[in-house]
file start-v7.txt (compact mmCIF, C-alpha atoms and all ligand atoms)
# COMPACT_ATOMS: atom_id res chain seq x y z
CA MET A 199 -76.36 137.40 67.79
CA ILE A 200 -77.40 136.24 64.31
CA LYS A 201 -80.67 136.47 62.44
CA ARG A 202 -82.11 132.98 62.13
CA LYS A 203 -83.06 133.62 58.52
CA GLU A 204 -79.52 134.56 57.60
CA LEU A 205 -78.03 131.53 59.35
CA VAL A 206 -80.51 129.13 57.76
CA GLN A 207 -79.93 130.61 54.31
CA SER A 208 -76.22 130.23 54.73
CA LEU A 209 -76.52 126.59 55.83
CA ASN A 210 -78.98 125.83 53.02
CA LYS A 211 -76.56 127.27 50.52
CA GLU A 212 -73.52 125.47 51.91
CA PHE A 213 -75.35 122.12 51.88
CA ARG A 214 -77.37 122.78 48.70
CA ILE A 215 -80.55 121.76 50.51
CA ASP A 216 -82.94 122.78 47.70
CA SER A 217 -80.96 121.57 44.72
CA PHE A 218 -80.17 118.29 46.46
CA GLY A 219 -83.88 117.49 46.52
CA ARG A 220 -85.66 115.10 48.87
CA ASP A 221 -83.50 113.11 51.26
CA SER A 222 -83.96 109.57 49.99
CA ALA A 223 -83.62 108.02 53.46
CA PHE A 224 -85.57 110.38 55.69
CA SER A 225 -88.36 111.08 53.20
CA ARG A 226 -89.25 107.43 53.86
CA PHE A 227 -88.28 107.03 57.52
CA VAL A 228 -89.89 110.18 58.94
CA PRO A 229 -93.42 109.17 57.80
CA MET A 230 -92.65 105.53 58.61
CA VAL A 231 -92.02 106.21 62.32
CA TYR A 232 -94.51 109.04 62.99
CA GLU A 233 -97.57 107.71 61.19
CA PRO A 234 -98.07 104.59 63.32
CA VAL A 235 -97.97 106.71 66.51
CA GLY A 236 -100.51 109.17 65.08
CA PHE A 237 -98.15 112.15 65.20
CA ASP A 238 -99.06 114.84 62.66
CA TRP A 239 -95.48 115.36 61.45
CA LYS A 240 -96.60 117.33 58.38
CA SER A 241 -98.00 120.16 60.43
CA GLU A 242 -95.51 119.90 63.31
CA PHE A 243 -92.42 120.42 61.13
CA THR A 244 -91.76 123.32 58.72
CA THR A 245 -92.91 123.05 55.10
CA SER A 246 -89.37 123.17 53.85
CA PHE A 247 -88.48 120.21 56.07
CA THR A 248 -91.50 118.18 54.99
CA THR A 249 -90.52 118.92 51.39
CA TYR A 250 -86.80 118.07 51.51
CA PHE A 251 -86.43 116.22 54.84
CA ASN A 252 -83.32 118.31 55.41
CA GLY A 253 -82.93 121.90 56.61
CA LEU A 254 -84.87 123.86 59.21
CA MET A 255 -87.20 121.43 60.96
CA LEU A 256 -88.47 123.54 63.87
CA GLU A 257 -88.57 127.30 63.47
CA GLY A 258 -87.95 129.18 66.71
CA ALA A 259 -87.50 132.87 67.51
CA GLU A 260 -85.88 135.16 64.96
CA VAL A 261 -82.55 135.72 66.67
CA VAL A 262 -80.03 132.94 67.32
CA ASN A 263 -77.63 133.57 70.17
CA GLN A 264 -76.22 130.11 70.48
CA VAL A 265 -75.79 127.08 68.24
CA PHE A 266 -75.68 123.54 69.63
CA LEU A 267 -74.21 120.62 67.68
CA ALA A 268 -75.24 116.98 68.02
CA VAL A 269 -75.65 113.96 65.77
CA PHE A 270 -78.90 112.18 66.76
CA PRO A 271 -81.92 113.53 68.70
CA THR A 272 -81.46 111.15 71.65
CA ASP A 273 -83.21 111.85 74.96
CA ASP A 274 -80.01 113.04 76.63
CA VAL A 275 -79.17 115.38 73.73
CA LEU A 276 -82.64 116.95 73.69
CA ALA A 277 -82.77 117.27 77.48
CA THR A 278 -79.45 119.16 77.41
CA PHE A 279 -80.53 121.37 74.53
CA ILE A 280 -83.88 122.29 76.09
CA SER A 281 -82.38 123.03 79.49
CA LYS A 282 -79.40 125.08 78.26
CA ALA A 283 -80.89 126.91 75.27
CA ASN A 284 -82.72 130.23 75.22
CA ALA A 285 -85.39 131.37 72.76
CA GLY A 286 -84.09 131.34 69.20
CA ASP A 287 -81.11 129.06 69.84
CA LEU A 288 -80.57 126.41 67.22
CA LEU A 289 -79.70 122.73 67.44
CA PHE A 290 -77.93 121.42 64.33
CA MET A 291 -77.99 117.63 63.92
CA HIS A 292 -77.17 115.08 61.20
CA HIS A 293 -80.27 112.90 61.70
CA PRO A 294 -83.84 114.05 62.38
CA LEU A 295 -84.47 110.64 64.00
CA VAL A 296 -82.44 108.45 66.32
CA MET A 297 -81.15 105.31 64.66
CA GLU A 298 -80.52 102.45 67.02
CA CYS A 299 -78.15 100.01 65.36
CA GLY A 300 -77.51 97.99 68.51
CA ASP A 301 -74.60 97.55 70.84
CA PRO A 302 -72.12 94.84 69.76
CA LYS A 303 -71.62 93.98 73.44
CA GLY A 304 -75.19 94.63 74.55
CA GLU A 305 -78.71 94.85 73.28
CA TRP A 306 -79.74 94.94 69.66
CA GLY A 307 -81.33 98.18 68.45
CA ARG A 308 -84.82 99.15 67.29
CA GLY A 309 -83.74 100.90 64.07
CA PHE A 310 -85.30 104.34 63.55
CA VAL A 311 -87.18 105.79 66.51
CA PRO A 312 -89.33 108.94 66.53
CA ILE A 313 -88.63 111.93 68.75
CA PRO A 314 -91.14 111.68 71.62
CA LYS A 315 -93.82 114.34 71.15
CA ASP A 316 -93.12 115.91 74.55
CA TRP A 317 -89.59 116.80 73.45
CA ILE A 318 -90.95 118.45 70.30
CA ALA A 319 -93.51 120.36 72.35
CA GLY A 320 -90.76 121.37 74.82
CA MET A 321 -88.62 122.84 72.06
CA LYS A 322 -91.58 124.69 70.56
CA GLU A 323 -92.61 126.11 73.93
CA LYS A 324 -89.15 127.58 74.38
CA ASN A 325 -89.15 128.92 70.81
CA LEU A 326 -86.05 126.92 69.84
CA SER A 327 -84.95 126.01 66.31
CA VAL A 328 -83.80 122.65 64.99
CA TYR A 329 -81.90 122.21 61.73
CA THR A 330 -80.87 118.83 60.32
CA CYS A 331 -78.75 117.88 57.35
CA HIS A 332 -78.36 114.24 56.38
CA ALA A 333 -77.44 113.10 52.85
CA PRO A 334 -76.08 116.49 51.69
CA MET A 335 -73.59 116.25 54.55
CA ASP A 336 -72.62 112.67 53.79
CA TYR A 337 -71.75 113.68 50.23
CA HIS A 338 -70.06 116.97 51.11
CA LYS A 339 -66.42 117.03 50.08
CA GLU A 340 -65.31 119.75 52.54
CA LEU A 341 -67.78 119.54 55.43
CA GLY A 342 -68.74 115.89 55.16
CA THR A 343 -68.86 112.96 57.52
CA SER A 344 -66.20 111.00 55.54
CA VAL A 345 -63.77 113.82 55.00
CA ALA A 346 -63.89 114.66 58.72
CA ILE A 347 -62.72 111.14 59.58
CA ALA A 348 -60.00 111.20 56.91
CA ARG A 349 -58.64 114.47 58.28
CA GLU A 350 -58.62 113.31 61.88
CA LEU A 351 -56.86 110.03 61.04
CA HIS A 352 -54.39 111.74 58.65
CA VAL A 353 -55.61 109.66 55.74
CA ASN A 354 -54.41 110.83 52.37
CA ILE A 355 -57.51 110.68 50.14
CA GLU A 356 -56.84 108.73 46.92
CA GLU A 357 -60.31 107.97 45.69
CA TRP A 358 -64.00 108.46 46.46
CA ILE A 359 -66.24 105.38 46.23
CA ILE A 360 -69.90 104.36 46.58
CA GLY A 361 -71.59 106.95 44.44
CA ASP A 362 -74.77 107.95 42.67
CA GLU A 363 -76.07 111.11 41.00
CA HIS A 364 -75.18 113.17 44.11
CA GLY A 365 -71.53 112.15 44.24
CA GLU A 366 -69.80 109.65 46.53
CA ILE A 367 -69.86 108.97 50.25
CA GLY A 368 -66.85 106.72 50.84
CA ILE A 369 -63.13 107.36 50.85
CA ILE A 370 -60.16 105.16 50.04
CA GLY A 371 -56.83 106.52 51.11
CA SER A 372 -53.36 105.84 52.42
CA ILE A 373 -52.29 106.00 56.04
CA SER A 374 -48.84 105.77 57.54
CA SER A 375 -48.22 102.15 58.36
CA ILE A 376 -50.13 101.00 61.46
CA SER A 377 -51.15 97.63 62.93
CA THR A 378 -54.79 96.64 63.39
CA GLN A 379 -54.42 96.81 67.17
CA ARG A 380 -52.86 100.29 67.12
CA LEU A 381 -55.51 101.48 64.67
CA ILE A 382 -58.25 100.22 66.99
CA GLN A 383 -56.71 102.14 69.89
CA LYS A 384 -56.50 105.24 67.75
CA LEU A 385 -60.15 104.92 66.72
CA GLU A 386 -61.31 104.39 70.31
CA SER A 387 -59.64 107.61 71.36
CA THR A 388 -60.62 109.64 68.28
CA PHE A 389 -64.29 108.70 68.61
CA ASP A 390 -64.29 108.60 72.39
CA ILE A 391 -65.87 105.14 72.45
CA PRO A 392 -65.36 102.36 75.00
CA TYR A 393 -64.76 99.69 72.33
CA VAL A 394 -65.00 99.08 68.60
CA ASP A 395 -66.88 96.32 66.78
CA PHE A 396 -64.28 94.14 65.12
CA GLU A 397 -64.30 91.30 62.60
CA GLY A 398 -61.91 89.92 60.00
CA LYS A 399 -58.13 89.71 60.00
CA ASP A 400 -55.42 91.27 62.09
CA HIS A 401 -52.67 93.08 60.17
CA GLN A 402 -49.22 94.24 61.20
CA ALA A 403 -48.89 96.97 58.59
CA ILE A 404 -52.05 98.65 57.29
CA GLU A 405 -51.30 101.25 54.63
CA LYS A 406 -54.62 101.54 52.84
CA VAL A 407 -58.00 102.13 54.45
CA ALA A 408 -61.61 102.70 53.45
CA ILE A 409 -63.80 105.15 55.38
CA ILE A 410 -67.58 104.74 55.26
CA PRO A 411 -69.42 106.66 58.01
CA GLY A 412 -72.80 105.48 59.29
CA CYS A 413 -74.11 102.14 58.08
CA GLY A 414 -71.23 100.68 56.10
CA ASP A 415 -72.41 97.17 56.84
CA LYS A 416 -72.94 96.27 53.20
CA VAL A 417 -70.98 93.28 51.94
CA GLU A 418 -71.03 94.68 48.42
CA TRP A 419 -69.27 97.86 49.57
CA MET A 420 -66.73 95.85 51.56
CA LYS A 421 -65.94 93.75 48.49
CA GLN A 422 -65.51 96.92 46.45
CA ALA A 423 -62.98 98.25 48.97
CA GLU A 424 -61.17 94.93 49.23
CA ALA A 425 -60.79 94.74 45.44
CA LYS A 426 -58.94 98.05 45.59
CA GLY A 427 -56.37 96.72 48.03
CA VAL A 428 -57.86 98.13 51.24
CA GLN A 429 -56.57 96.42 54.41
CA ALA A 430 -58.82 98.11 56.97
CA TYR A 431 -62.47 99.01 56.45
CA ILE A 432 -63.53 101.68 58.94
CA SER A 433 -67.22 102.39 59.34
CA GLY A 434 -69.91 103.34 61.81
CA GLU A 435 -71.47 99.90 61.62
CA ILE A 436 -69.77 96.79 60.25
CA HIS A 437 -72.72 94.71 61.46
CA CYS A 438 -76.36 95.38 61.47
CA HIS A 439 -77.60 94.75 65.03
CA ILE A 440 -81.17 95.81 64.36
CA ASP A 441 -83.58 93.47 66.06
CA ASN A 442 -85.88 92.53 63.19
CA GLU A 443 -85.98 90.29 60.12
CA TYR A 444 -83.99 92.79 58.04
CA GLY A 445 -81.30 93.10 60.70
CA ASN A 446 -80.96 89.37 61.14
CA ARG A 447 -80.66 88.76 57.43
CA ARG A 448 -77.99 91.44 57.04
CA PHE A 449 -76.08 90.10 60.03
CA GLN A 450 -75.99 86.61 58.48
CA GLU A 451 -74.78 87.94 55.11
CA MET A 452 -72.00 89.80 56.81
CA MET A 453 -70.91 86.82 58.94
CA LYS A 454 -70.55 84.72 55.79
CA TYR A 455 -68.27 87.36 54.27
CA VAL A 456 -66.15 87.62 57.45
CA ASP A 457 -64.66 84.15 56.82
CA GLU A 458 -63.43 85.05 53.37
CA THR A 459 -62.26 88.67 53.79
CA SER A 460 -58.62 89.64 54.08
CA MET A 461 -59.49 93.02 55.65
CA SER A 462 -59.76 94.23 59.23
CA LEU A 463 -63.38 95.39 59.59
CA ILE A 464 -63.81 98.01 62.29
CA GLY A 465 -67.03 99.69 63.45
CA VAL A 466 -66.91 102.78 65.69
CA SER A 467 -70.74 103.10 66.06
CA HIS A 468 -73.09 104.84 63.67
CA ALA A 469 -73.55 107.83 65.97
CA ALA A 470 -69.88 108.44 66.83
CA SER A 471 -68.78 108.04 63.20
CA GLU A 472 -71.11 110.89 62.23
CA TYR A 473 -70.59 113.06 65.30
CA LEU A 474 -66.92 113.66 64.50
CA VAL A 475 -67.72 116.10 61.67
CA LYS A 476 -69.79 118.16 64.12
CA LYS A 477 -67.05 118.58 66.66
CA THR A 478 -64.44 119.38 64.01
CA LEU A 479 -65.40 120.74 60.56
CA ILE A 480 -68.90 122.02 61.38
CA LYS A 481 -67.76 123.67 64.58
CA GLU A 482 -64.97 125.39 62.65
CA TRP A 483 -67.47 126.49 59.98
CA PHE A 484 -69.61 128.33 62.58
CA GLU A 485 -66.51 129.94 64.06
CA ARG A 486 -65.33 131.08 60.64
CA GLU A 487 -68.63 132.14 59.06
CA PHE A 488 -70.46 133.56 62.08
CA SER A 489 -67.81 134.03 64.78
CA ILE A 490 -69.88 131.83 67.02
CA GLU A 491 -68.52 129.16 69.34
CA PRO A 492 -71.05 126.30 69.15
CA ILE A 493 -71.81 124.15 72.18
CA LEU A 494 -71.19 120.46 71.53
CA ILE A 495 -73.66 117.92 72.85
CA PRO A 496 -72.04 114.47 72.70
CA GLN A 497 -74.26 111.49 73.48
CA SER A 498 -73.84 109.74 76.77
CA LYS A 499 -73.88 106.43 74.88
CA TRP A 500 -72.61 105.88 71.31
CA TRP A 501 -73.49 102.24 70.88
CA LEU A 502 -77.28 102.23 71.01
ZN ZN A 601 -74.68 110.03 57.50
ZN ZN A 602 -76.39 108.17 59.67
call {"tool": "encode", "arguments": {"input": "start-v7.txt", "output": "structure tokens", "more": "lines below"}}
Ligand SMILES: [Zn+2]
Ligand SMILES: [Zn+2]
result
Amino acid sequence: MIKRKELVQSLNKEFRIDSFGRDSAFSRFVPMVYEPVGFDWKSEFTTSFTTYFNGLMLEGAEVVNQVFLAVFPTDDVLATFISKANAGDLLFMHHPLVMECGDPKGEWGRGFVPIPKDWIAGMKEKNLSVYTCHAPMDYHKELGTSVAIARELHVNIEEWIIGDEHGEIGIIGSISSISTQRLIQKLESTFDIPYVDFEGKDHQAIEKVAIIPGCGDKVEWMKQAEAKGVQAYISGEIHCHIDNEYGNRRFQEMMKYVDETSMSLIGVSHAASEYLVKKTLIKEWFEREFSIEPILIPQSKWWL
């Protein structure tokens, strides 16, 4: 049993929610998806969320008995949360919106999709809390999406790349020699995915990798990694499979680069690449800081 206020303060401090400022992605995407459907997101979500687009989004009852961890607010995740949680329980996610990046072996995605209003109403009726943390988690050096992958794959971090005023989000590091095929098998089991998205070259002995969780499908970032001697580029998405003009353009750019790259390019899905930190580092943080054993809510489908 924890006071919600205390838990939220502790998370805000750990992830520097206030000092980080507005989330550059979700301060654009939240209004972008809710406004066309006429959903009054400004009054539905807490003021702190509509200021920073990170932190406590829905404020439930004052006492938290259980914490649930997920990555995206998909229908299956929210259905599980609403049915299992009791008043005050808190769902901690990385994204406040689902991002459909498409299935490399199936349908292309729709990009960002809003949470259906019935799910939001359902959580409010039960007095549940929702907390999300996006960019501050991607940049976090101890509890971040990248560092979680490095730890799980036993990658020795040599350098952080792809940065701005908040720090960096990508890792370059060494790994004990592994072939592309063995690395793919390892990734499929680590991320619990049925298959990876693969492009580029096959290697017998990979010793240097880049780790870019989420949408790493930027040719410029790939070139940056390649110039540093990386042989395998591991990301959530190596291709943009979003079914619109933007997605198609990005896909074409990437396919042009595939012919010239010397790297193995491996995507494990946007969602799975960012869920790993939840089931490892974030889960351990709750155990350590609050002696609470969070309930994990994996998605039924990672490629969406
Ligand atoms: Zn992320
Ligand atoms: Zn993401």
call {"tool": "closest_residue", "arguments": {"input": "start-v7.txt", "among": "A:Leu295, A:Ala283, A:Leu385, A:Val417", "to": "ligand ZN 602 (chain A)", "atoms": "only C-alpha atoms and all ligand atoms"}}
result
A:Leu295
call {"tool": "residues_around", "arguments": {"input": "start-v7.txt", "residues": "stretch 455-470 of chain A", "least_positions_apart": "3", "cutoff": "9 Å", "atoms": "all atoms listed in the file", "output": "VMD selection string"}}
result
chain A and resid 269 to 270 296 to 301 378 382 385 to 386 389 to 391 393 to 401 411 to 415 417 420 to 421 424 428 to 437 450 to 452 473 to 474 496 to 497 500 to 502
call {"tool": "write_last_selection", "arguments": {"input": "start-v7.txt", "atoms": "C-alpha atoms", "output": "mmCIF file, in the frame of the given file"}}
result
data_model
loop_
_atom_site.group_PDB
_atom_site.id
_atom_site.type_symbol
_atom_site.label_atom_id
_atom_site.label_comp_id
_atom_site.auth_asym_id
_atom_site.auth_seq_id
_atom_site.Cartn_x
_atom_site.Cartn_y
_atom_site.Cartn_z
ATOM 1 C CA VAL A 269 -75.650 113.960 65.770
ATOM 2 C CA PHE A 270 -78.900 112.180 66.760
ATOM 3 C CA VAL A 296 -82.440 108.450 66.320
ATOM 4 C CA MET A 297 -81.150 105.310 64.660
ATOM 5 C CA GLU A 298 -80.520 102.450 67.020
ATOM 6 C CA CYS A 299 -78.150 100.010 65.360
ATOM 7 C CA GLY A 300 -77.510 97.990 68.510
ATOM 8 C CA ASP A 301 -74.600 97.550 70.840
ATOM 9 C CA THR A 378 -54.790 96.640 63.390
ATOM 10 C CA ILE A 382 -58.250 100.220 66.990
ATOM 11 C CA LEU A 385 -60.150 104.920 66.720
ATOM 12 C CA GLU A 386 -61.310 104.390 70.310
ATOM 13 C CA PHE A 389 -64.290 108.700 68.610
ATOM 14 C CA ASP A 390 -64.290 108.600 72.390
ATOM 15 C CA ILE A 391 -65.870 105.140 72.450
ATOM 16 C CA TYR A 393 -64.760 99.690 72.330
ATOM 17 C CA VAL A 394 -65.000 99.080 68.600
ATOM 18 C CA ASP A 395 -66.880 96.320 66.780
ATOM 19 C CA PHE A 396 -64.280 94.140 65.120
ATOM 20 C CA GLU A 397 -64.300 91.300 62.600
ATOM 21 C CA GLY A 398 -61.910 89.920 60.000
ATOM 22 C CA LYS A 399 -58.130 89.710 60.000
ATOM 23 C CA ASP A 400 -55.420 91.270 62.090
ATOM 24 C CA HIS A 401 -52.670 93.080 60.170
ATOM 25 C CA PRO A 411 -69.420 106.660 58.010
ATOM 26 C CA GLY A 412 -72.800 105.480 59.290
ATOM 27 C CA CYS A 413 -74.110 102.140 58.080
ATOM 28 C CA GLY A 414 -71.230 100.680 56.100
ATOM 29 C CA ASP A 415 -72.410 97.170 56.840
ATOM 30 C CA VAL A 417 -70.980 93.280 51.940
ATOM 31 C CA MET A 420 -66.730 95.850 51.560
ATOM 32 C CA LYS A 421 -65.940 93.750 48.490
ATOM 33 C CA GLU A 424 -61.170 94.930 49.230
ATOM 34 C CA VAL A 428 -57.860 98.130 51.240
ATOM 35 C CA GLN A 429 -56.570 96.420 54.410
ATOM 36 C CA ALA A 430 -58.820 98.110 56.970
ATOM 37 C CA TYR A 431 -62.470 99.010 56.450
ATOM 38 C CA ILE A 432 -63.530 101.680 58.940
ATOM 39 C CA SER A 433 -67.220 102.390 59.340
ATOM 40 C CA GLY A 434 -69.910 103.340 61.810
ATOM 41 C CA GLU A 435 -71.470 99.900 61.620
ATOM 42 C CA ILE A 436 -69.770 96.790 60.250
ATOM 43 C CA HIS A 437 -72.720 94.710 61.460
ATOM 44 C CA GLN A 450 -75.990 86.610 58.480
ATOM 45 C CA GLU A 451 -74.780 87.940 55.110
ATOM 46 C CA MET A 452 -72.000 89.800 56.810
ATOM 47 C CA TYR A 473 -70.590 113.060 65.300
ATOM 48 C CA LEU A 474 -66.920 113.660 64.500
ATOM 49 C CA PRO A 496 -72.040 114.470 72.700
ATOM 50 C CA GLN A 497 -74.260 111.490 73.480
ATOM 51 C CA TRP A 500 -72.610 105.880 71.310
ATOM 52 C CA TRP A 501 -73.490 102.240 70.880
ATOM 53 C CA LEU A 502 -77.280 102.230 71.010
#
call {"tool": "closest_atom_pairs", "arguments": {"input": "start-v7.txt", "of": "chain A", "to": "ligand ZN 601 (chain A)", "cutoff": "7 Å", "atoms": "only C-alpha atoms and all ligand atoms", "output": "tab-separated table"}}
result
residue	atom	partner	partner_atom	distance
A:His292	CA	A:ZN601	ZN	6.7
A:His332	CA	A:ZN601	ZN	5.7
A:Ala333	CA	A:ZN601	ZN	6.2
A:Met335	CA	A:ZN601	ZN	7.0
A:Asp336	CA	A:ZN601	ZN	5.0
A:Thr343	CA	A:ZN601	ZN	6.5
A:Pro411	CA	A:ZN601	ZN	6.3
A:Gly412	CA	A:ZN601	ZN	5.2
A:Glu472	CA	A:ZN601	ZN	6.0
call {"tool": "closest_residue", "arguments": {"input": "start-v7.txt", "among": "A:Ala223, A:Val275, A:Val345, A:Val231", "to": "ligand ZN 602 (chain A)", "atoms": "all atoms listed in the file"}}
result
A:Ala223
call {"tool": "atom_distance", "arguments": {"input": "start-v7.txt", "atom1": "atom CA of A:Lys406", "atom2": "atom CA of A:Gly445"}}
result
29.1 Å
call {"tool": "atom_distance", "arguments": {"input": "start-v7.txt", "atom1": "atom CA of A:Thr248", "atom2": "atom CA of A:Asp221"}}
result
10.2 Å
call {"tool": "atom_distance", "arguments": {"input": "start-v7.txt", "atom1": "atom CA of A:Ser372", "atom2": "atom CA of A:Gly342"}}
result
18.6 Å
call {"tool": "residues_around", "arguments": {"input": "start-v7.txt", "residues": "A:Leu479", "least_positions_apart": "2", "cutoff": "12 Å", "atoms": "only C-alpha atoms", "output": "PDB file with C-alpha atoms, in the coordinates of the input"}}
result
ATOM      1  CA  LEU A 267     -74.210 120.620  67.680  1.00  0.00           C
ATOM      2  CA  MET A 335     -73.590 116.250  54.550  1.00  0.00           C
ATOM      3  CA  HIS A 338     -70.060 116.970  51.110  1.00  0.00           C
ATOM      4  CA  LYS A 339     -66.420 117.030  50.080  1.00  0.00           C
ATOM      5  CA  GLU A 340     -65.310 119.750  52.540  1.00  0.00           C
ATOM      6  CA  LEU A 341     -67.780 119.540  55.430  1.00  0.00           C
ATOM      7  CA  GLY A 342     -68.740 115.890  55.160  1.00  0.00           C
ATOM      8  CA  THR A 343     -68.860 112.960  57.520  1.00  0.00           C
ATOM      9  CA  SER A 344     -66.200 111.000  55.540  1.00  0.00           C
ATOM     10  CA  VAL A 345     -63.770 113.820  55.000  1.00  0.00           C
ATOM     11  CA  ALA A 346     -63.890 114.660  58.720  1.00  0.00           C
ATOM     12  CA  ILE A 347     -62.720 111.140  59.580  1.00  0.00           C
ATOM     13  CA  ALA A 348     -60.000 111.200  56.910  1.00  0.00           C
ATOM     14  CA  ARG A 349     -58.640 114.470  58.280  1.00  0.00           C
ATOM     15  CA  GLU A 350     -58.620 113.310  61.880  1.00  0.00           C
ATOM     16  CA  GLU A 472     -71.110 110.890  62.230  1.00  0.00           C
ATOM     17  CA  TYR A 473     -70.590 113.060  65.300  1.00  0.00           C
ATOM     18  CA  LEU A 474     -66.920 113.660  64.500  1.00  0.00           C
ATOM     19  CA  VAL A 475     -67.720 116.100  61.670  1.00  0.00           C
ATOM     20  CA  LYS A 476     -69.790 118.160  64.120  1.00  0.00           C
ATOM     21  CA  LYS A 477     -67.050 118.580  66.660  1.00  0.00           C
ATOM     22  CA  LYS A 481     -67.760 123.670  64.580  1.00  0.00           C
ATOM     23  CA  GLU A 482     -64.970 125.390  62.650  1.00  0.00           C
ATOM     24  CA  TRP A 483     -67.470 126.490  59.980  1.00  0.00           C
ATOM     25  CA  PHE A 484     -69.610 128.330  62.580  1.00  0.00           C
ATOM     26  CA  GLU A 485     -66.510 129.940  64.060  1.00  0.00           C
ATOM     27  CA  ARG A 486     -65.330 131.080  60.640  1.00  0.00           C
ATOM     28  CA  GLU A 487     -68.630 132.140  59.060  1.00  0.00           C
ATOM     29  CA  PRO A 492     -71.050 126.300  69.150  1.00  0.00           C
TER      30      PRO A 492
END
call {"tool": "closest_residue", "arguments": {"input": "start-v7.txt", "among": "A:Ile367, A:Ile359, A:Val311, A:Leu254", "to": "A:Asn210", "atoms": "only C-alpha atoms"}}
result
A:Leu254
call {"tool": "closest_residue", "arguments": {"input": "start-v7.txt", "among": "A:Tyr329, A:Trp317, A:Phe227, A:Phe218", "to": "A:Gly258", "atoms": "all atoms listed in the file"}}
result
A:Tyr329
call {"tool": "closest_residue", "arguments": {"input": "start-v7.txt", "among": "A:Asn325, A:Val235, A:Glu443, A:Trp419", "to": "A:Gly368", "atoms": "only C-alpha atoms"}}
result
A:Trp419
call {"tool": "closest_residue", "arguments": {"input": "start-v7.txt", "among": "A:Ser225, A:Val328, A:Arg220, A:Gly320", "to": "A:Glu257", "atoms": "all atoms listed in the file"}}
result
A:Val328
call {"tool": "axis_aligned_box", "arguments": {"input": "start-v7.txt", "around": "stretch 341-358 of chain A", "padding_each_side": "6 Å", "output": "AutoDock Vina command-line options"}}
result
--center_x -61.6 --center_y 113.8 --center_z 53.8 --size_x 26.5 --size_y 23.6 --size_z 28.2
call {"tool": "residues_around", "arguments": {"input": "start-v7.txt", "residues": "A:Glu242", "least_positions_apart": "4", "cutoff": "10 Å", "atoms": "only C-alpha atoms", "output": "list in words"}}
result
Phe237, Asp238, Thr248, Met255, Leu256, Lys315, Ile318, Ala319 and Lys322 of chain A
call {"tool": "residues_around", "arguments": {"input": "start-v7.txt", "residues": "A:Gly253", "least_positions_apart": "2", "cutoff": "6 Å", "atoms": "only C-alpha atoms", "output": "MDAnalysis selection string"}}
result
chainID A and resid 247 329:331
call {"tool": "residues_near_point", "arguments": {"input": "start-v7.txt", "point": "(-85.7, 131.2, 67.5)", "cutoff": "8 Å", "atoms": "only C-alpha atoms", "output": "list in words"}}
result
Arg202, Glu257, Gly258, Ala259, Glu260, Val261, Val262, Ala285, Gly286, Asp287, Leu288, Asn325, Leu326 and Ser327 of chain A
call {"tool": "residues_around", "arguments": {"input": "start-v7.txt", "residues": "A:Ser377", "least_positions_apart": "2", "cutoff": "8 Å", "atoms": "all atoms listed in the file", "output": "list in words"}}
result
Ser375, Gln379, Arg380, Leu381, Asp400, His401, Gln402, Ala403 and Ile404 of chain A
